[in-house]
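Enquirer: Structure provided below as structure tokens; questions to follow.
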Amino acid sequence: MLTEPLQTALHPPARRALHRLVLPLLAGLTLVLGPSGMVGAAPNSKAAGKAPAKTSKAATAPAAPAAAEKPANQSQCGEEDALPSSSGRDTRMVDTQFIDPRSQLQELVDLTLKRSQALGAATMLAQAARLDWEEARAARMPQVNLSGSLAHVGVKAGDLPVSHGNQGRASLTVSAPLYDFGRNSMLANWRNQLAESARLGLVNAEQQLALQTVSLAMDRSRYQLQGQVYAQYVRKMVCLVEALDTIVKADRGRASELVQAVKNRQQAELAVQQTQSALTQTEARLRRLVGDNLPPSASYSALLTQVPDLEEMQRDVVSAPDVAQLDAQAKAQSSYADSVAASFKPQINVTGTGAAIAGFGKGAEWSAGLSVSMPIYNATAEPAINSARKRAEAARLQREDAIEARRYRLIDIHESAVSSFDRARRIVDILRNSDRLRVSTLQQWQQLGRRSLFDVMGSESDYFSLRVAHVNALFDGQQAVAMMWSMGRGVMTPLR
């Protein structure tokens with residue numbers, strides 16, 4: 001019931017409009033937190049406060065005519081909100097909760113790997129590097145060459161007349177390295193390490209694509225949840241604006257409350273539009289990876305919520321594909337430096353040549369033996385050797401720097417993940433108190449004497465802002481966990 005001072009302060013038309021619209025509205029908006037962690041409409045529950053029984057009757061009696069006049073608005077105003085459960089999952093906000101999130105992420109990653117042209121290019125480069133290694137390895141095998149010629153030749157010796165005629169010549173040459181101080185073996189090892197580096201580059205590209213796909217899929221789910229929260233906030237503000245618009249027609253003194261409600265509604269609509277724009281951009285980037293047939297997003301709020309052990313992640317850094325790639329490159333440069341040093345040492349080869357001559361000067365010749373090449377002085381030797389060795393040392397230092405930087409980066413990301421999940425848990429507790437405050441503020445405004453509409457809208461704004469903050473904190477933690485796994489064994493390891 002209206003208190004006596006306010007009954008006399010309001011004009012009769014305003015009192016009638018207030019009884020007919022505002023009180024049923026607030027009865028529908030009264031929400032309580034249930035034992036399961038969900039929030040539902042329960043105007044008659046014990047958590048609704050100790051309002052007088054007559055007030056409850058006054059609030060519920062006109063509900064049927066109001067519902068008959070605006071059934072759509074009544075269903076919007078009475079819509080239930082949801083508080084996150086203790087696990088962090090907001091089940092009331094997700095209509096695709098029966099989709100297995102792990103299977104969907106694996107499917108999205110598989111589609112990305114199949115469609116990626118960059119991955120196809122990396123595969124070709126890895127195969128080419130493998131063939132280069134086979135070429136370098138075959139350099140130690142004997143080489144056989146066959147050559148031939150057909151020409152008109154002439155001979156003039158002293159006072160003898162010129163003798164000439166047609167001549168055909170065929171020759172067969174066989175050569176093989178006998179001893180080269182390991183030069184060919186080191187070149188083959190250099191190519192082998194480059195091929196391994198290319199293979200690890202392919203694995204690293206797959207891991208980066210997987211991380212990008214998982215990150216975009218989670219961002220898509222994040223913006224969808226944010227959009228649903230903001231849409232609920234818009235519906236609450238629309239209800240208040242419609243009710244206050246009718247009240248202001250009867251009592252112009254309430255116009256400032258209507259202006260404030262309209263402003264809050266516009267801000268909520270702007271937030272919806274901005275979230276929808278971010279969702280559209282995220283889906284466009286995701287379609288670039290997985291294709292245009294984008295499946296409905298599952299709820300990923302229960303995935304990657306376990307922060308891995310920091311020491312274990314730091315040990316896994318060495319086995320990360322990109323770190324292993326740097327290690328292979330360092331070994332390749334070291335082998336190349338050894339091969340450059342060996343190239344300036346004596347080279348011993350086995351050679352054999354046989355030739356057959358037909359026509360003019362008919363005959364045959366052959367030779368077999370060893371060929372030795374021994375450098376005596378070469379001014380380019382020392383600079384070339386030192387240059388190759390410095391490149392090898394630089395590659396080794398790059399690997400060590402990458403490992404150290406990644407380990408410190410893991411400390412930062414680990415702290416971010418722990419902080420995000422802790423923030424999400426704390427926000428859940430704050431949300432419960434915020435919901436109680438919202439319920440109390442609605443009840444006090446419902447009695448028209450203790451709180452103003454500005455307090456009601458402030459409590460609603462605070463509540464929905466906390467809802468969005470909880471979504472952001474949860475997904476920030478999941479993104480950090482995914483990043484930690486990607487810096488070691490790969491983001492798909494915890495998903496599989």
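Just so we're on the same page: first chain in the structure tokens is A, next is B, and so on; residues restart at 1 for each chain, and ligands are numbered from 1 in the order they show up.
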Kindly assemble as JSON lines a list of the range 324-442 of chain A residues that lie within 9 Å of range 302-313 of chain A, each paired with its nearest atom pair and their distance in Å to one decimal, using only C-alpha atoms, sorted first by chain and then by ascending residue number.

Expert:
```
{"residue": "A:Arg407", "atom": "CA", "partner": "A:Met313", "partner_atom": "CA", "distance": 8.4}
{"residue": "A:Leu410", "atom": "CA", "partner": "A:Leu310", "partner_atom": "CA", "distance": 7.3}
{"residue": "A:Ile411", "atom": "CA", "partner": "A:Leu310", "partner_atom": "CA", "distance": 7.1}
{"residue": "A:His414", "atom": "CA", "partner": "A:Leu310", "partner_atom": "CA", "distance": 6.8}
{"residue": "A:Ala417", "atom": "CA", "partner": "A:Val307", "partner_atom": "CA", "distance": 6.8}
{"residue": "A:Val418", "atom": "CA", "partner": "A:Val307", "partner_atom": "CA", "distance": 6.9}
{"residue": "A:Phe421", "atom": "CA", "partner": "A:Thr305", "partner_atom": "CA", "distance": 7.7}
```

Enquirer: Could the residues in this selection be saved with N, CA and C atoms as a compact mmCIF listing (two decimals), in the first residue's frame?

Expert:
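The new file out.txt reads:
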```txt
# COMPACT_ATOMS: atom_id res chain seq x y z
N ARG A 407 60.15 -18.48 -20.86
CA ARG A 407 59.93 -18.86 -19.46
C ARG A 407 59.44 -17.68 -18.63
N LEU A 410 55.91 -17.05 -19.56
CA LEU A 410 55.01 -18.00 -18.91
C LEU A 410 54.65 -17.55 -17.50
N ILE A 411 55.63 -16.98 -16.78
CA ILE A 411 55.33 -16.47 -15.44
C ILE A 411 54.26 -15.40 -15.51
N HIS A 414 50.90 -17.05 -16.54
CA HIS A 414 50.37 -17.86 -15.44
C HIS A 414 49.73 -16.97 -14.39
N ALA A 417 46.41 -15.76 -15.70
CA ALA A 417 45.36 -16.78 -15.65
C ALA A 417 44.83 -16.96 -14.24
N VAL A 418 45.74 -17.05 -13.26
CA VAL A 418 45.31 -17.22 -11.87
C VAL A 418 44.49 -16.02 -11.42
N PHE A 421 40.86 -16.05 -13.10
CA PHE A 421 39.93 -16.99 -12.50
C PHE A 421 39.57 -16.59 -11.06
```

Enquirer: Please identify which residues in range 153-297 of chain A DSSP calls alpha helix (DSSP H) from the backbone, and express them as number ranges by chain.

Expert: A: 183-250, 255-290

Enquirer: Using only C-alpha atoms, find each residue of range 163-264 of chain A with at least one atom at most 8 Å away from an atom of range 153-159 of chain A; report its shortest atom-to-atom pair and that distance in Å (one decimal), sort the rows by chain and rising residue number, and return the result as a tab-separated table.

Expert:
```
residue	atom	partner	partner_atom	distance
A:Ser163	CA	A:Val155	CA	5.2
A:His164	CA	A:Gly154	CA	3.8
A:Gly165	CA	A:Val153	CA	5.7
A:Asn166	CA	A:Val153	CA	6.1
A:Gln167	CA	A:Val153	CA	6.6
```

Enquirer: If you count only C-alpha atoms, which residues fall within 10 Å of range 485-490 of chain A, apart from same-chain ones fewer than 4 positions away, as a ChimeraX atom specification?

Expert: /A:203-204,206-208,210-211,304,307-308,312-323,406-407,409-410,480-481,494-495

Enquirer: Using only C-alpha atoms, which residues sit within 12 Å of range 387-391 of chain A once same-chain residues fewer than 2 positions away are excluded, as a list in words?

Expert: Gln329, Ala330, Lys331, Ala332, Gln333, Ser334, Ser335, Tyr336, Ala337, Asp338, Ser339, Val340, Ala341, Thr380, Ala381, Glu382, Pro383, Ala384, Ile385, Glu393, Ala394, Ala395, Arg396, Leu397 and Gln398 of chain A

Enquirer: Please, which residues of range 225-436 of chain A, numbered as in this document, come out strand (DSSP E or B) from DSSP, as a list in words?

Expert: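 These are the residues in question: Gln347, Ile348, Asn349, Val350, Thr351, Gly352, Thr353, Gly354, Ala355, Ala356, Ile357, Ala358, Gly359, Gly363, Ala364, Glu365, Trp366, Ser367, Ala368, Gly369, Leu370, Ser371, Val372 and Ser373 of chain A.
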
Enquirer: I need the residues from that last selection saved to file as a PDB file, in the first residue's frame (with N, CA and C atoms), if you can.

Expert:
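What ended up in again21.pdb:
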```pdb
ATOM      1  N   GLN A 347      91.811 -32.553 -50.297  1.00  0.00           N
ATOM      2  CA  GLN A 347      90.711 -33.373 -50.786  1.00  0.00           C
ATOM      3  C   GLN A 347      91.296 -34.470 -51.683  1.00  0.00           C
ATOM      4  N   ILE A 348      90.955 -35.710 -51.385  1.00  0.00           N
ATOM      5  CA  ILE A 348      91.478 -36.852 -52.148  1.00  0.00           C
ATOM      6  C   ILE A 348      90.301 -37.543 -52.809  1.00  0.00           C
ATOM      7  N   ASN A 349      90.395 -37.714 -54.165  1.00  0.00           N
ATOM      8  CA  ASN A 349      89.332 -38.353 -54.932  1.00  0.00           C
ATOM      9  C   ASN A 349      89.900 -39.483 -55.767  1.00  0.00           C
ATOM     10  N   VAL A 350      89.093 -40.479 -56.029  1.00  0.00           N
ATOM     11  CA  VAL A 350      89.428 -41.570 -56.939  1.00  0.00           C
ATOM     12  C   VAL A 350      88.839 -41.239 -58.298  1.00  0.00           C
ATOM     13  N   THR A 351      89.688 -41.321 -59.364  1.00  0.00           N
ATOM     14  CA  THR A 351      89.216 -40.984 -60.709  1.00  0.00           C
ATOM     15  C   THR A 351      89.599 -42.102 -61.678  1.00  0.00           C
ATOM     16  N   GLY A 352      88.796 -42.250 -62.696  1.00  0.00           N
ATOM     17  CA  GLY A 352      89.082 -43.197 -63.767  1.00  0.00           C
ATOM     18  C   GLY A 352      88.452 -42.711 -65.049  1.00  0.00           C
ATOM     19  N   THR A 353      89.210 -42.795 -66.176  1.00  0.00           N
ATOM     20  CA  THR A 353      88.718 -42.287 -67.446  1.00  0.00           C
ATOM     21  C   THR A 353      89.076 -43.278 -68.548  1.00  0.00           C
ATOM     22  N   GLY A 354      88.141 -43.526 -69.417  1.00  0.00           N
ATOM     23  CA  GLY A 354      88.381 -44.362 -70.585  1.00  0.00           C
ATOM     24  C   GLY A 354      87.785 -43.715 -71.812  1.00  0.00           C
ATOM     25  N   ALA A 355      88.528 -43.779 -72.971  1.00  0.00           N
ATOM     26  CA  ALA A 355      88.051 -43.120 -74.184  1.00  0.00           C
ATOM     27  C   ALA A 355      88.286 -44.043 -75.366  1.00  0.00           C
ATOM     28  N   ALA A 356      87.364 -44.022 -76.321  1.00  0.00           N
ATOM     29  CA  ALA A 356      87.470 -44.802 -77.568  1.00  0.00           C
ATOM     30  C   ALA A 356      87.345 -43.842 -78.730  1.00  0.00           C
ATOM     31  N   ILE A 357      88.265 -43.994 -79.730  1.00  0.00           N
ATOM     32  CA  ILE A 357      88.298 -43.095 -80.884  1.00  0.00           C
ATOM     33  C   ILE A 357      88.025 -43.908 -82.129  1.00  0.00           C
ATOM     34  N   ALA A 358      87.133 -43.405 -82.972  1.00  0.00           N
ATOM     35  CA  ALA A 358      86.803 -44.055 -84.244  1.00  0.00           C
ATOM     36  C   ALA A 358      87.039 -43.061 -85.378  1.00  0.00           C
ATOM     37  N   GLY A 359      87.418 -43.601 -86.550  1.00  0.00           N
ATOM     38  CA  GLY A 359      87.664 -42.714 -87.687  1.00  0.00           C
ATOM     39  C   GLY A 359      89.112 -42.291 -87.707  1.00  0.00           C
ATOM     40  N   GLY A 363      91.646 -45.451 -82.124  1.00  0.00           N
ATOM     41  CA  GLY A 363      92.407 -46.022 -81.036  1.00  0.00           C
ATOM     42  C   GLY A 363      91.609 -45.967 -79.739  1.00  0.00           C
ATOM     43  N   ALA A 364      92.284 -46.117 -78.625  1.00  0.00           N
ATOM     44  CA  ALA A 364      91.654 -46.096 -77.305  1.00  0.00           C
ATOM     45  C   ALA A 364      92.672 -45.642 -76.272  1.00  0.00           C
ATOM     46  N   GLU A 365      92.182 -45.070 -75.177  1.00  0.00           N
ATOM     47  CA  GLU A 365      93.050 -44.636 -74.086  1.00  0.00           C
ATOM     48  C   GLU A 365      92.267 -44.715 -72.779  1.00  0.00           C
ATOM     49  N   TRP A 366      93.012 -44.865 -71.715  1.00  0.00           N
ATOM     50  CA  TRP A 366      92.369 -44.920 -70.400  1.00  0.00           C
ATOM     51  C   TRP A 366      93.362 -44.460 -69.331  1.00  0.00           C
ATOM     52  N   SER A 367      92.791 -44.144 -68.172  1.00  0.00           N
ATOM     53  CA  SER A 367      93.620 -43.733 -67.038  1.00  0.00           C
ATOM     54  C   SER A 367      92.837 -43.984 -65.748  1.00  0.00           C
ATOM     55  N   ALA A 368      93.523 -44.264 -64.653  1.00  0.00           N
ATOM     56  CA  ALA A 368      92.913 -44.484 -63.348  1.00  0.00           C
ATOM     57  C   ALA A 368      93.917 -44.111 -62.279  1.00  0.00           C
ATOM     58  N   GLY A 369      93.403 -43.546 -61.167  1.00  0.00           N
ATOM     59  CA  GLY A 369      94.321 -43.166 -60.104  1.00  0.00           C
ATOM     60  C   GLY A 369      93.642 -42.283 -59.068  1.00  0.00           C
ATOM     61  N   LEU A 370      94.443 -41.543 -58.377  1.00  0.00           N
ATOM     62  CA  LEU A 370      93.981 -40.651 -57.328  1.00  0.00           C
ATOM     63  C   LEU A 370      94.279 -39.212 -57.720  1.00  0.00           C
ATOM     64  N   SER A 371      93.345 -38.329 -57.325  1.00  0.00           N
ATOM     65  CA  SER A 371      93.591 -36.895 -57.509  1.00  0.00           C
ATOM     66  C   SER A 371      93.598 -36.239 -56.144  1.00  0.00           C
ATOM     67  N   VAL A 372      94.586 -35.435 -55.903  1.00  0.00           N
ATOM     68  CA  VAL A 372      94.755 -34.776 -54.617  1.00  0.00           C
ATOM     69  C   VAL A 372      94.739 -33.272 -54.838  1.00  0.00           C
ATOM     70  N   SER A 373      93.921 -32.605 -54.038  1.00  0.00           N
ATOM     71  CA  SER A 373      93.862 -31.148 -54.082  1.00  0.00           C
ATOM     72  C   SER A 373      94.243 -30.630 -52.705  1.00  0.00           C
TER      73      SER A 373
END
```

Enquirer: Report, in Å to a single decimal, how far apart CA of Gln117 in chain A and CA of Gln193 in chain A are.

Expert: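 Taking CA of Gln193 in chain A as the start and CA of Gln117 in chain A as the end point, the length is 24.7 Å.
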
Enquirer: Work out how far apart CA of Val234 in chain A and CA of Arg222 in chain A are and give it in Å to one decimal.

Expert: 18.4 Å

Enquirer: Do a neighbour search on Asp422 in chain A at 12 Å with only C-alpha atoms, toss out local chain neighbours closer than 3 positions, and write the hits as an MDAnalysis selection string.

Expert: chainID A and resid 88 305:307 415:419 425:429 470 473:474 476:477

Enquirer: What lies within 8 Å of range 284-295 of chain A using only C-alpha atoms, ignoring chain neighbours under 4 positions off, as a PyMOL selection string?

Expert: chain A and resi 108-109+111-112+115-116+213+216-217+280

Enquirer: Would you mind exporting the chosen residues as a tab-separated table (two decimals), in the first residue's frame, restricted to C-alpha atoms?

Expert:
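What landed in again.tsv:
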```tsv
chain	number	residue	atom	x	y	z
A	108	LEU	CA	37.18	-26.34	-36.10
A	109	VAL	CA	40.93	-26.87	-35.79
A	111	LEU	CA	38.94	-27.61	-40.76
A	112	THR	CA	41.50	-24.84	-40.34
A	115	ARG	CA	41.91	-25.20	-45.57
A	116	SER	CA	45.08	-23.26	-44.76
A	213	THR	CA	41.20	-20.92	-34.08
A	216	LEU	CA	38.64	-16.82	-32.05
A	217	ALA	CA	36.08	-19.49	-31.13
A	280	THR	CA	30.57	-9.97	-36.45
```

Enquirer: Any idea what the distance is between CA of Val229 in chain A and CA of Glu269 in chain A?

Expert: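 Distance reported for this atom pair: 11.3 Å.
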
Enquirer: Which one is closest to Gln212 in chain A: A:Leu105, A:Met124, A:Ala392, A:Leu326? Count only C-alpha atoms.

Expert: A:Leu105

Enquirer: Here is a test: counting only C-alpha atoms, which residue of A:Asp401, A:Gln281, A:Val241, A:Thr173 is nearest to Ser256 in chain A?

Expert: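 Of the candidates, the smallest distance to Ser256 in chain A is held by A:Val241.
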
Enquirer: Neighbours of Thr123 in chain A within 10 Å (only C-alpha atoms; same-chain residues fewer than 4 positions away dropped), as a ChimeraX atom specification?

Expert: /A:117-119,127-129,198-199,201-203,205

Enquirer: Tell me which of A:Thr246, A:Ser149, A:Gln260, A:Gln276 sits closest to Ala231 in chain A, counting only C-alpha atoms.

Expert: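 Checking each of A:Thr246, A:Ser149, A:Gln260, A:Gln276 against Ala231 in chain A, counting only C-alpha atoms, the winner is A:Gln276.
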
Enquirer: Under the rule that only C-alpha atoms are counted, which of A:Met483, A:Met186, A:Leu270, A:Leu209 is the nearest residue to Tyr233 in chain A?

Expert: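 Residue with the minimum atom-to-atom distance to Tyr233 in chain A: A:Leu270.
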
Enquirer: Closest to Lys345 in chain A among A:Phe181, A:Tyr230, A:Tyr463, A:Tyr408, using only C-alpha atoms?

Expert: A:Phe181
